[in-house]
$ cat data07.csv   # CSV, C-alpha atoms
chain,number,residue,atom,x,y,z
A,1,MET,CA,112.8,125.5,-75.9
A,2,ARG,CA,109.9,123.1,-75.3
A,3,SER,CA,109.3,124.7,-72.0
A,4,ARG,CA,109.2,128.2,-73.5
A,5,LEU,CA,106.7,127.1,-76.1
A,6,SER,CA,104.4,125.6,-73.5
A,7,LEU,CA,104.5,128.7,-71.4
A,8,ALA,CA,103.8,130.9,-74.5
A,9,LEU,CA,100.9,128.6,-75.4
A,10,ALA,CA,99.5,128.7,-71.9
A,11,ALA,CA,99.8,132.5,-71.9
A,12,SER,CA,98.0,132.8,-75.2
A,13,LEU,CA,95.1,130.7,-74.0
A,14,LEU,CA,94.6,133.1,-71.1
A,15,LEU,CA,94.1,135.9,-73.6
A,16,VAL,CA,91.4,134.2,-75.6
A,17,PRO,CA,87.9,135.5,-74.6
A,18,LEU,CA,85.8,132.8,-73.1
A,19,THR,CA,82.6,132.1,-74.9
A,20,ALA,CA,80.8,129.8,-72.5
A,21,ALA,CA,77.4,131.0,-71.4
A,22,GLY,CA,77.6,133.6,-68.7
A,23,ALA,CA,81.4,134.1,-69.1
A,24,ALA,CA,81.0,137.4,-71.0
A,25,ALA,CA,78.3,139.7,-72.2
A,26,VAL,CA,77.2,140.7,-75.7
A,27,THR,CA,76.7,144.5,-76.0
A,28,LEU,CA,74.1,146.2,-78.1
A,29,HIS,CA,74.5,146.6,-81.8
A,30,THR,CA,76.3,150.0,-82.2
A,31,PRO,CA,73.9,151.7,-84.6
A,32,HIS,CA,71.1,151.3,-82.0
A,33,LEU,CA,72.9,153.4,-79.4
A,34,ASN,CA,71.5,156.8,-78.5
A,35,THR,CA,68.0,156.0,-79.8
A,36,ALA,CA,65.5,158.5,-78.4
A,37,VAL,CA,61.7,158.0,-78.4
A,38,ASP,CA,58.9,160.5,-77.6
A,39,CYS,CA,55.3,159.3,-77.0
A,40,ASP,CA,52.1,160.5,-75.4
A,41,GLY,CA,52.4,157.6,-73.0
A,42,GLN,CA,55.2,155.2,-72.0
A,43,VAL,CA,57.7,153.6,-74.3
A,44,LEU,CA,58.2,149.9,-74.8
A,45,TRP,CA,61.7,149.0,-76.0
A,46,HIS,CA,61.9,145.4,-77.5
A,47,PHE,CA,65.4,143.9,-77.6
A,48,VAL,CA,66.3,140.6,-79.4
A,49,HIS,CA,69.3,138.5,-78.9
A,50,ASN,CA,69.7,136.1,-81.9
A,51,GLN,CA,72.2,133.7,-83.3
A,52,VAL,CA,72.4,131.9,-79.9
A,53,ALA,CA,73.9,128.4,-80.2
A,54,PRO,CA,71.2,125.7,-80.2
A,55,GLY,CA,72.6,124.0,-77.1
A,56,ASN,CA,72.9,127.2,-75.0
A,57,ALA,CA,70.2,127.0,-72.3
A,58,THR,CA,70.9,130.4,-70.8
A,59,ALA,CA,67.6,132.3,-70.4
A,60,GLY,CA,69.3,135.6,-70.3
A,61,THR,CA,69.1,138.8,-68.3
A,62,LEU,CA,69.3,142.2,-70.0
A,63,THR,CA,70.6,145.5,-68.5
A,64,ALA,CA,69.6,148.5,-70.5
A,65,THR,CA,70.9,152.0,-69.6
A,66,PHE,CA,68.9,155.1,-70.3
A,67,ASP,CA,69.7,158.8,-70.0
A,68,GLY,CA,66.7,159.4,-67.7
A,69,ALA,CA,65.6,156.0,-66.3
A,70,GLY,CA,69.1,154.8,-65.6
A,71,ALA,CA,70.0,151.1,-65.6
A,72,VAL,CA,66.9,148.8,-66.0
A,73,VAL,CA,67.4,145.1,-65.5
A,74,VAL,CA,64.9,142.6,-66.9
A,75,ASP,CA,64.8,138.8,-67.6
A,76,ALA,CA,64.0,137.5,-71.0
A,77,SER,CA,60.3,137.7,-71.8
A,78,SER,CA,60.6,134.9,-74.3
A,79,VAL,CA,63.2,132.1,-74.7
A,80,LEU,CA,63.3,130.3,-78.0
A,81,ASN,CA,65.9,127.9,-79.4
A,82,ARG,CA,68.3,130.4,-80.7
A,83,VAL,CA,66.6,133.7,-79.8
A,84,ARG,CA,65.9,135.7,-76.6
A,85,HIS,CA,63.4,138.5,-76.3
A,86,TYR,CA,63.5,141.3,-73.7
A,87,ASP,CA,60.9,144.1,-73.0
A,88,VAL,CA,61.8,147.3,-71.2
A,89,VAL,CA,59.3,150.1,-70.4
A,90,THR,CA,60.4,153.7,-69.7
A,91,PRO,CA,58.7,157.1,-69.6
A,92,SER,CA,58.5,159.0,-72.8
A,93,GLY,CA,61.4,161.2,-74.0
A,94,ASP,CA,64.3,158.9,-72.8
A,95,THR,CA,67.4,158.0,-74.7
A,96,LEU,CA,69.0,154.5,-74.9
A,97,LEU,CA,72.7,154.8,-74.0
A,98,GLY,CA,73.6,151.1,-74.0
A,99,ALA,CA,72.5,147.5,-73.3
A,100,SER,CA,74.0,144.1,-72.7
A,101,ASP,CA,72.9,140.7,-71.6
A,102,THR,CA,74.3,137.6,-69.9
A,103,ILE,CA,74.6,135.5,-73.1
A,104,ALA,CA,78.2,135.5,-74.4
A,105,GLU,CA,77.5,134.8,-78.1
A,106,GLY,CA,75.3,135.9,-80.9
A,107,LYS,CA,74.0,139.5,-81.6
A,108,LEU,CA,72.0,141.8,-79.4
A,109,VAL,CA,69.8,144.4,-81.2
A,110,LEU,CA,67.0,146.8,-80.5
A,111,SER,CA,64.2,145.3,-82.6
A,112,HIS,CA,61.7,148.1,-82.3
A,113,THR,CA,60.0,150.6,-79.9
A,114,GLU,CA,56.3,151.0,-79.3
A,115,CYS,CA,54.3,153.8,-77.8
A,116,LEU,CA,52.0,152.4,-75.1
A,117,PRO,CA,48.6,154.1,-74.5
A,118,GLY,CA,48.8,156.7,-71.8
A,119,GLU,CA,46.3,156.9,-69.0
A,120,GLU,CA,43.1,158.5,-69.9
A,121,PRO,CA,42.7,161.8,-68.0
A,122,ASP,CA,39.8,162.0,-65.7
A,123,PRO,CA,36.9,163.8,-67.6
A,124,GLU,CA,36.2,167.3,-66.3
A,125,CYS,CA,33.3,169.7,-66.8
A,126,VAL,CA,33.6,172.1,-69.7
A,127,ALA,CA,33.6,175.8,-68.7
A,128,GLY,CA,30.2,177.4,-69.4
A,129,SER,CA,28.3,174.1,-69.4
A,130,SER,CA,25.4,173.7,-67.0
A,131,VAL,CA,23.6,170.9,-65.2
A,132,VAL,CA,20.1,171.5,-64.0
A,133,VAL,CA,18.8,169.5,-61.0
A,134,THR,CA,15.1,169.5,-60.1
A,135,TRP,CA,12.9,167.9,-57.4
A,136,PRO,CA,9.4,167.7,-58.9
A,137,ASP,CA,6.4,167.8,-56.5
A,138,VAL,CA,8.7,168.3,-53.4
A,139,ARG,CA,7.7,170.9,-50.8
A,140,LEU,CA,10.2,171.2,-48.0
A,141,GLY,CA,8.9,172.2,-44.6
A,142,PHE,CA,5.5,170.7,-45.4
A,143,PHE,CA,3.8,167.8,-43.6
A,144,ASN,CA,2.6,165.0,-45.8
A,145,VAL,CA,1.4,161.5,-45.0
A,146,THR,CA,5.0,160.4,-43.9
A,147,GLY,CA,5.6,163.5,-41.7
A,148,LEU,CA,7.6,166.6,-42.0
A,149,VAL,CA,9.6,166.8,-45.3
A,150,GLU,CA,13.0,168.1,-44.4
A,151,SER,CA,15.0,166.9,-47.5
A,152,ALA,CA,14.6,165.2,-50.8
A,153,ALA,CA,17.2,163.3,-52.8
A,154,THR,CA,17.5,162.9,-56.6
A,155,SER,CA,20.2,161.6,-59.0
A,156,THR,CA,22.4,163.8,-61.1
A,157,SER,CA,25.6,163.6,-63.0
A,158,LEU,CA,28.2,166.3,-62.3
A,159,LEU,CA,31.7,165.8,-63.7
A,160,PRO,CA,34.8,166.8,-61.7
A,161,GLY,CA,35.4,170.5,-61.6
A,162,ASP,CA,34.3,173.8,-60.0
A,163,TYR,CA,30.8,175.1,-60.3
A,164,ALA,CA,28.9,178.3,-59.7
A,165,VAL,CA,25.6,177.4,-58.1
A,166,THR,CA,22.2,179.1,-58.6
A,167,LEU,CA,19.1,178.1,-56.6
A,168,THR,CA,15.5,178.8,-57.3
A,169,SER,CA,12.7,178.7,-54.7
A,170,THR,CA,8.9,178.8,-55.2
A,171,ASP,CA,5.9,179.2,-53.0
A,172,PRO,CA,2.7,179.5,-55.1
A,173,PHE,CA,0.7,180.4,-52.0
A,174,HIS,CA,2.5,183.6,-51.3
A,175,ALA,CA,0.7,187.0,-51.2
A,176,PRO,CA,1.6,190.4,-49.8
A,177,GLY,CA,1.3,190.2,-46.0
A,178,TYR,CA,0.5,186.5,-46.0
A,179,GLN,CA,2.2,184.5,-43.2
A,180,PRO,CA,4.9,187.1,-42.6
A,181,GLU,CA,6.2,185.0,-39.7
A,182,GLN,CA,7.6,182.5,-42.2
A,183,ASP,CA,11.1,184.1,-42.5
A,184,GLN,CA,13.2,180.9,-42.9
A,185,GLU,CA,11.9,179.5,-46.2
A,186,GLN,CA,15.4,178.5,-47.1
A,187,TRP,CA,17.2,175.5,-48.4
A,188,TYR,CA,20.5,174.3,-49.8
A,189,VAL,CA,21.9,171.3,-51.7
A,190,VAL,CA,24.1,168.5,-50.3
A,191,LEU,CA,25.9,166.8,-53.2
A,192,THR,CA,26.8,163.1,-52.9
A,193,LEU,CA,29.0,160.5,-54.6
A,194,GLY,CA,28.2,156.9,-54.0
A,195,GLY,CA,25.9,157.9,-51.2
A,196,SER,CA,28.5,159.9,-49.3
A,197,PRO,CA,28.4,163.8,-49.0
A,198,VAL,CA,31.1,165.5,-51.0
A,199,ALA,CA,30.0,169.1,-51.0
A,200,THR,CA,27.4,171.5,-49.7
A,201,THR,CA,26.1,174.6,-51.5
A,202,GLY,CA,25.3,177.9,-50.0
A,203,THR,CA,21.8,178.6,-48.7
A,204,ILE,CA,19.3,180.6,-50.7
A,205,SER,CA,17.7,183.6,-49.0
A,206,ASP,CA,14.2,183.6,-47.4
A,207,LEU,CA,11.4,183.9,-50.0
A,208,PRO,CA,9.7,187.2,-49.3
A,209,THR,CA,5.9,187.0,-48.7
A,210,ASP,CA,5.1,189.1,-51.8
A,211,VAL,CA,7.3,187.0,-54.1
A,212,LEU,CA,6.3,183.7,-55.7
A,213,THR,CA,9.7,182.7,-57.1
A,214,LEU,CA,13.2,183.7,-56.1
A,215,THR,CA,16.4,182.9,-58.0
A,216,GLU,CA,19.7,183.6,-56.4
A,217,GLY,CA,23.4,182.7,-56.8
A,218,VAL,CA,24.7,180.9,-53.6
A,219,GLY,CA,28.5,180.7,-54.4
A,220,THR,CA,30.5,177.9,-55.7
A,221,VAL,CA,31.4,174.3,-55.0
A,222,SER,CA,34.4,172.2,-55.9
A,223,LEU,CA,34.0,168.6,-56.9
A,224,PRO,CA,37.3,166.8,-57.4
A,225,ASP,CA,35.6,163.5,-58.2
A,226,GLY,CA,32.2,164.8,-59.4
A,227,ALA,CA,28.8,163.9,-57.9
A,228,ASP,CA,26.0,161.6,-58.7
A,229,GLY,CA,23.4,162.7,-56.2
A,230,ALA,CA,21.8,165.9,-55.0
A,231,VAL,CA,19.8,166.3,-51.8
A,232,ALA,CA,17.6,169.5,-51.4
A,233,THR,CA,17.8,170.2,-47.7
A,234,HIS,CA,15.7,172.6,-45.6
A,235,LEU,CA,17.7,175.1,-43.5
A,236,LEU,CA,16.0,173.9,-40.3
A,237,ILE,CA,16.5,170.2,-40.9
A,238,GLY,CA,17.0,168.2,-37.7
A,239,LEU,CA,15.8,171.0,-35.4
A,240,ASP,CA,12.8,170.4,-33.1
A,241,TYR,CA,9.7,171.6,-34.9
A,242,SER,CA,7.9,173.1,-32.0
A,243,ALA,CA,10.9,174.9,-30.7
A,244,PHE,CA,12.6,176.2,-33.8
A,245,TRP,CA,10.3,176.1,-36.8
A,246,LEU,CA,7.4,178.0,-35.2
A,247,SER,CA,5.6,178.0,-38.6
A,248,PRO,CA,5.6,175.6,-41.6
A,249,GLU,CA,8.4,177.5,-43.4
A,250,SER,CA,7.4,175.5,-46.5
A,251,VAL,CA,9.2,176.1,-49.8
A,252,GLU,CA,9.5,174.3,-53.1
A,253,PRO,CA,13.2,173.6,-54.2
A,254,THR,CA,12.4,174.4,-57.8
A,255,GLN,CA,15.8,173.8,-59.3
A,256,ALA,CA,19.5,174.1,-58.8
A,257,VAL,CA,21.8,175.1,-61.7
A,258,PHE,CA,25.4,174.1,-61.6
A,259,THR,CA,27.5,176.0,-64.1
A,260,CYS,CA,31.1,174.9,-64.7
A,261,ILE,CA,33.7,177.7,-64.2
$ encode --input "data07.csv" --output "structure tokens"
Amino acid sequence: MRSRLSLALAASLLLVPLTAAGAAAVTLHTPHLNTAVDCDGQVLWHFVHNQVAPGNATAGTLTATFDGAGAVVVDASSVLNRVRHYDVVTPSGDTLLGASDTIAEGKLVLSHTECLPGEEPDPECVAGSSVVVTWPDVRLGFFNVTGLVESAATSTSLLPGDYAVTLTSTDPFHAPGYQPEQDQEQWYVVLTLGGSPVATTGTISDLPTDVLTLTEGVGTVSLPDGADGAVATHLLIGLDYSAFWLSPESVEPTQAVFTCI
């Protein structure tokens, strides 16, 4: 009889759940299951495990399972005397299916959720808006005290986007029949970002001898990252003057208009 009682007692002890730290896991408070959160950015889920025994030194590791993100494992972000805090970040629109940690006592709850700021989208140009770039007192293809002027740079501010480009040329010395051999009074714009070229516009047509000012659309440019510089560039830049220019081919790059499309 004594032997049977001892065996029964031993068997009953085997059926008692162990409560030592790490021997079992506390699961999430049932009412917090199936919580779903929608935000503009990411979602912060803050879990709290409270009512931990004062002598329990277990830091705690949480496993939270979501419908979209799957199982996410994190260590405690804060360990206090009787409380553990956990932070989990997921994309917006997910649903919490369950959670448990490695502390075998107390109560695990979802304290709150928080919408984290989303990444600011890169600014883009607004359709219909225009940026005008000018190069005052510049005459391409003209010799000044420093030599032949083949290009001229200026700063600008073009947001990312696609632009239709219109160029305007001027030559105040034009007159009917004057210097008809100047048939390459043409230029284009090289757009730069941080000093490096990012796009090149089309080239404006030659300025007729009987026309003082010519305005012409020269196509479009695409600026994925925008531009902060514009270089008015003569069509004949870099070519030997005596072999290719043949005449001054001077022209004023009056302006370039970039219209967001």
$ residues_around --input "data07.csv" --residues "region 144-150 of chain A" --least-positions-apart "5" --cutoff "9 Å" --atoms "only C-alpha atoms" --output "PyMOL selection string"
chain A and resi 138-139+232-238+241
$ closest_residue --input "data07.csv" --among "A:Gly229, A:Pro208, A:Gly106, A:Gly93" --to "Val52 (chain A)" --atoms "only C-alpha atoms"
A:Gly106
$ residues_near_point --input "data07.csv" --point "(8.0, 172.7, -42.9)" --cutoff "6 Å" --atoms "all atoms listed in the file" --output "list in words"
Leu140, Gly141, Phe142, Pro248, Glu249 and Ser250 of chain A
$ residues_around --input "data07.csv" --residues "Val83 (chain A)" --least-positions-apart "4" --cutoff "9 Å" --atoms "all atoms listed in the file" --output "PyMOL selection string"
chain A and resi 48-52+78-79
$ write_last_selection --input "data07.csv" --atoms "C-alpha atoms" --output "mmCIF file, in the frame of the given file"
data_model
loop_
_atom_site.group_PDB
_atom_site.id
_atom_site.type_symbol
_atom_site.label_atom_id
_atom_site.label_comp_id
_atom_site.auth_asym_id
_atom_site.auth_seq_id
_atom_site.Cartn_x
_atom_site.Cartn_y
_atom_site.Cartn_z
ATOM 1 C CA VAL A 48 66.300 140.600 -79.400
ATOM 2 C CA HIS A 49 69.300 138.500 -78.900
ATOM 3 C CA ASN A 50 69.700 136.100 -81.900
ATOM 4 C CA GLN A 51 72.200 133.700 -83.300
ATOM 5 C CA VAL A 52 72.400 131.900 -79.900
ATOM 6 C CA SER A 78 60.600 134.900 -74.300
ATOM 7 C CA VAL A 79 63.200 132.100 -74.700
#
$ residues_around --input "data07.csv" --residues "Asp40 (chain A)" --least-positions-apart "4" --cutoff "8 Å" --atoms "all atoms listed in the file" --output "number ranges by chain"
A: 92, 115, 117-118
$ closest_residue --input "data07.csv" --among "A:Ile204, A:Ala227, A:Leu33, A:Val189" --to "Leu96 (chain A)" --atoms "all atoms listed in the file"
A:Leu33
$ closest_residue --input "data07.csv" --among "A:Ser196, A:Thr113, A:Thr58, A:Thr166" --to "Val88 (chain A)" --atoms "all atoms listed in the file"
A:Thr113
$ atom_distance --input "data07.csv" --atom1 "CA of Pro224 (chain A)" --atom2 "CA of Val257 (chain A)"
18.1 Å
$ closest_residue --input "data07.csv" --among "A:Thr170, A:Thr95, A:Asn81, A:Thr203" --to "Asp67 (chain A)" --atoms "all atoms listed in the file"
A:Thr95
$ atom_distance --input "data07.csv" --atom1 "CA of Asp101 (chain A)" --atom2 "CA of Ala59 (chain A)"
10.0 Å
$ decode --input "data07.csv" --residues "region 109-151 of chain A" --atoms "N, CA and C atoms" --output "PDB file, in the first residue's frame"
ATOM      1  N   VAL A 109       0.957  40.634 -22.158  1.00  0.00           N
ATOM      2  CA  VAL A 109      -0.114  41.399 -22.800  1.00  0.00           C
ATOM      3  C   VAL A 109       0.461  42.265 -23.914  1.00  0.00           C
ATOM      4  N   LEU A 110      -0.408  42.633 -24.845  1.00  0.00           N
ATOM      5  CA  LEU A 110      -0.070  43.645 -25.845  1.00  0.00           C
ATOM      6  C   LEU A 110      -0.439  44.993 -25.241  1.00  0.00           C
ATOM      7  N   SER A 111       0.562  45.761 -24.853  1.00  0.00           N
ATOM      8  CA  SER A 111       0.307  47.029 -24.168  1.00  0.00           C
ATOM      9  C   SER A 111      -0.332  48.047 -25.099  1.00  0.00           C
ATOM     10  N   HIS A 112       0.289  48.262 -26.264  1.00  0.00           N
ATOM     11  CA  HIS A 112      -0.246  49.227 -27.219  1.00  0.00           C
ATOM     12  C   HIS A 112       0.469  49.070 -28.550  1.00  0.00           C
ATOM     13  N   THR A 113      -0.081  49.701 -29.568  1.00  0.00           N
ATOM     14  CA  THR A 113       0.577  49.778 -30.874  1.00  0.00           C
ATOM     15  C   THR A 113       0.780  51.244 -31.218  1.00  0.00           C
ATOM     16  N   GLU A 114       1.741  51.481 -32.104  1.00  0.00           N
ATOM     17  CA  GLU A 114       2.071  52.862 -32.474  1.00  0.00           C
ATOM     18  C   GLU A 114       2.423  52.915 -33.952  1.00  0.00           C
ATOM     19  N   CYS A 115       1.889  53.907 -34.636  1.00  0.00           N
ATOM     20  CA  CYS A 115       2.222  54.099 -36.048  1.00  0.00           C
ATOM     21  C   CYS A 115       3.519  54.889 -36.146  1.00  0.00           C
ATOM     22  N   LEU A 116       4.530  54.278 -36.748  1.00  0.00           N
ATOM     23  CA  LEU A 116       5.810  54.952 -36.924  1.00  0.00           C
ATOM     24  C   LEU A 116       5.764  55.816 -38.180  1.00  0.00           C
ATOM     25  N   PRO A 117       6.479  56.931 -38.175  1.00  0.00           N
ATOM     26  CA  PRO A 117       6.472  57.797 -39.366  1.00  0.00           C
ATOM     27  C   PRO A 117       7.004  57.049 -40.577  1.00  0.00           C
ATOM     28  N   GLY A 118       6.305  57.181 -41.688  1.00  0.00           N
ATOM     29  CA  GLY A 118       6.777  56.572 -42.922  1.00  0.00           C
ATOM     30  C   GLY A 118       7.871  57.420 -43.537  1.00  0.00           C
ATOM     31  N   GLU A 119       8.620  56.847 -44.458  1.00  0.00           N
ATOM     32  CA  GLU A 119       9.656  57.608 -45.149  1.00  0.00           C
ATOM     33  C   GLU A 119       9.018  58.685 -46.014  1.00  0.00           C
ATOM     34  N   GLU A 120       9.581  59.878 -45.919  1.00  0.00           N
ATOM     35  CA  GLU A 120       9.072  60.968 -46.741  1.00  0.00           C
ATOM     36  C   GLU A 120       9.377  60.677 -48.208  1.00  0.00           C
ATOM     37  N   PRO A 121       8.367  60.737 -49.067  1.00  0.00           N
ATOM     38  CA  PRO A 121       8.645  60.504 -50.487  1.00  0.00           C
ATOM     39  C   PRO A 121       9.530  61.606 -51.055  1.00  0.00           C
ATOM     40  N   ASP A 122      10.369  61.232 -51.995  1.00  0.00           N
ATOM     41  CA  ASP A 122      11.213  62.235 -52.638  1.00  0.00           C
ATOM     42  C   ASP A 122      10.325  63.266 -53.329  1.00  0.00           C
ATOM     43  N   PRO A 123      10.622  64.556 -53.131  1.00  0.00           N
ATOM     44  CA  PRO A 123       9.808  65.578 -53.797  1.00  0.00           C
ATOM     45  C   PRO A 123       9.969  65.484 -55.306  1.00  0.00           C
ATOM     46  N   GLU A 124       8.908  65.738 -56.019  1.00  0.00           N
ATOM     47  CA  GLU A 124       8.952  65.725 -57.475  1.00  0.00           C
ATOM     48  C   GLU A 124       8.360  67.022 -58.001  1.00  0.00           C
ATOM     49  N   CYS A 125       8.726  67.345 -59.229  1.00  0.00           N
ATOM     50  CA  CYS A 125       8.198  68.565 -59.828  1.00  0.00           C
ATOM     51  C   CYS A 125       6.689  68.435 -60.034  1.00  0.00           C
ATOM     52  N   VAL A 126       6.012  69.566 -60.027  1.00  0.00           N
ATOM     53  CA  VAL A 126       4.562  69.607 -60.205  1.00  0.00           C
ATOM     54  C   VAL A 126       4.261  69.883 -61.672  1.00  0.00           C
ATOM     55  N   ALA A 127       3.427  69.039 -62.266  1.00  0.00           N
ATOM     56  CA  ALA A 127       3.104  69.187 -63.685  1.00  0.00           C
ATOM     57  C   ALA A 127       2.626  70.605 -63.986  1.00  0.00           C
ATOM     58  N   GLY A 128       3.206  71.190 -65.014  1.00  0.00           N
ATOM     59  CA  GLY A 128       2.837  72.539 -65.414  1.00  0.00           C
ATOM     60  C   GLY A 128       3.728  73.623 -64.843  1.00  0.00           C
ATOM     61  N   SER A 129       4.477  73.316 -63.787  1.00  0.00           N
ATOM     62  CA  SER A 129       5.377  74.314 -63.203  1.00  0.00           C
ATOM     63  C   SER A 129       6.638  74.434 -64.053  1.00  0.00           C
ATOM     64  N   SER A 130       7.239  75.618 -64.044  1.00  0.00           N
ATOM     65  CA  SER A 130       8.409  75.868 -64.893  1.00  0.00           C
ATOM     66  C   SER A 130       9.555  76.463 -64.091  1.00  0.00           C
ATOM     67  N   VAL A 131      10.761  76.154 -64.528  1.00  0.00           N
ATOM     68  CA  VAL A 131      11.979  76.754 -63.988  1.00  0.00           C
ATOM     69  C   VAL A 131      12.713  77.412 -65.149  1.00  0.00           C
ATOM     70  N   VAL A 132      13.041  78.689 -64.985  1.00  0.00           N
ATOM     71  CA  VAL A 132      13.739  79.438 -66.033  1.00  0.00           C
ATOM     72  C   VAL A 132      15.198  79.602 -65.626  1.00  0.00           C
ATOM     73  N   VAL A 133      16.095  79.235 -66.528  1.00  0.00           N
ATOM     74  CA  VAL A 133      17.533  79.353 -66.287  1.00  0.00           C
ATOM     75  C   VAL A 133      18.103  80.366 -67.273  1.00  0.00           C
ATOM     76  N   THR A 134      18.914  81.292 -66.777  1.00  0.00           N
ATOM     77  CA  THR A 134      19.520  82.310 -67.643  1.00  0.00           C
ATOM     78  C   THR A 134      21.026  82.367 -67.425  1.00  0.00           C
ATOM     79  N   TRP A 135      21.713  82.901 -68.423  1.00  0.00           N
ATOM     80  CA  TRP A 135      23.159  83.100 -68.366  1.00  0.00           C
ATOM     81  C   TRP A 135      23.438  84.553 -68.775  1.00  0.00           C
ATOM     82  N   PRO A 136      23.275  85.505 -67.879  1.00  0.00           N
ATOM     83  CA  PRO A 136      23.426  86.926 -68.236  1.00  0.00           C
ATOM     84  C   PRO A 136      24.824  87.246 -68.767  1.00  0.00           C
ATOM     85  N   ASP A 137      24.852  88.070 -69.788  1.00  0.00           N
ATOM     86  CA  ASP A 137      26.112  88.594 -70.344  1.00  0.00           C
ATOM     87  C   ASP A 137      27.032  87.509 -70.889  1.00  0.00           C
ATOM     88  N   VAL A 138      26.468  86.373 -71.276  1.00  0.00           N
ATOM     89  CA  VAL A 138      27.273  85.293 -71.858  1.00  0.00           C
ATOM     90  C   VAL A 138      27.041  85.268 -73.361  1.00  0.00           C
ATOM     91  N   ARG A 139      28.134  85.169 -74.107  1.00  0.00           N
ATOM     92  CA  ARG A 139      28.055  85.067 -75.564  1.00  0.00           C
ATOM     93  C   ARG A 139      28.929  83.894 -75.992  1.00  0.00           C
ATOM     94  N   LEU A 140      28.278  82.780 -76.298  1.00  0.00           N
ATOM     95  CA  LEU A 140      29.006  81.588 -76.714  1.00  0.00           C
ATOM     96  C   LEU A 140      29.594  81.792 -78.107  1.00  0.00           C
ATOM     97  N   GLY A 141      30.777  81.212 -78.344  1.00  0.00           N
ATOM     98  CA  GLY A 141      31.427  81.346 -79.639  1.00  0.00           C
ATOM     99  C   GLY A 141      32.095  82.689 -79.836  1.00  0.00           C
ATOM    100  N   PHE A 142      32.314  83.400 -78.741  1.00  0.00           N
ATOM    101  CA  PHE A 142      32.894  84.742 -78.817  1.00  0.00           C
ATOM    102  C   PHE A 142      34.219  84.745 -78.061  1.00  0.00           C
ATOM    103  N   PHE A 143      35.200  85.466 -78.590  1.00  0.00           N
ATOM    104  CA  PHE A 143      36.490  85.579 -77.912  1.00  0.00           C
ATOM    105  C   PHE A 143      36.445  86.740 -76.924  1.00  0.00           C
ATOM    106  N   ASN A 144      36.747  86.440 -75.663  1.00  0.00           N
ATOM    107  CA  ASN A 144      36.909  87.512 -74.683  1.00  0.00           C
ATOM    108  C   ASN A 144      38.339  87.470 -74.153  1.00  0.00           C
ATOM    109  N   VAL A 145      38.601  88.130 -73.054  1.00  0.00           N
ATOM    110  CA  VAL A 145      39.981  88.227 -72.552  1.00  0.00           C
ATOM    111  C   VAL A 145      40.543  86.873 -72.136  1.00  0.00           C
ATOM    112  N   THR A 146      39.673  85.899 -71.870  1.00  0.00           N
ATOM    113  CA  THR A 146      40.151  84.572 -71.458  1.00  0.00           C
ATOM    114  C   THR A 146      40.213  83.592 -72.617  1.00  0.00           C
ATOM    115  N   GLY A 147      39.757  84.016 -73.791  1.00  0.00           N
ATOM    116  CA  GLY A 147      39.779  83.127 -74.934  1.00  0.00           C
ATOM    117  C   GLY A 147      38.386  82.853 -75.464  1.00  0.00           C
ATOM    118  N   LEU A 148      38.252  81.781 -76.233  1.00  0.00           N
ATOM    119  CA  LEU A 148      36.978  81.420 -76.847  1.00  0.00           C
ATOM    120  C   LEU A 148      36.007  80.897 -75.790  1.00  0.00           C
ATOM    121  N   VAL A 149      34.818  81.475 -75.755  1.00  0.00           N
ATOM    122  CA  VAL A 149      33.792  81.041 -74.796  1.00  0.00           C
ATOM    123  C   VAL A 149      32.993  79.904 -75.425  1.00  0.00           C
ATOM    124  N   GLU A 150      33.171  78.702 -74.917  1.00  0.00           N
ATOM    125  CA  GLU A 150      32.470  77.538 -75.461  1.00  0.00           C
ATOM    126  C   GLU A 150      31.339  77.053 -74.560  1.00  0.00           C
ATOM    127  N   SER A 151      31.370  77.437 -73.281  1.00  0.00           N
ATOM    128  CA  SER A 151      30.313  77.018 -72.359  1.00  0.00           C
ATOM    129  C   SER A 151      30.251  77.988 -71.194  1.00  0.00           C
TER     130      SER A 151
END
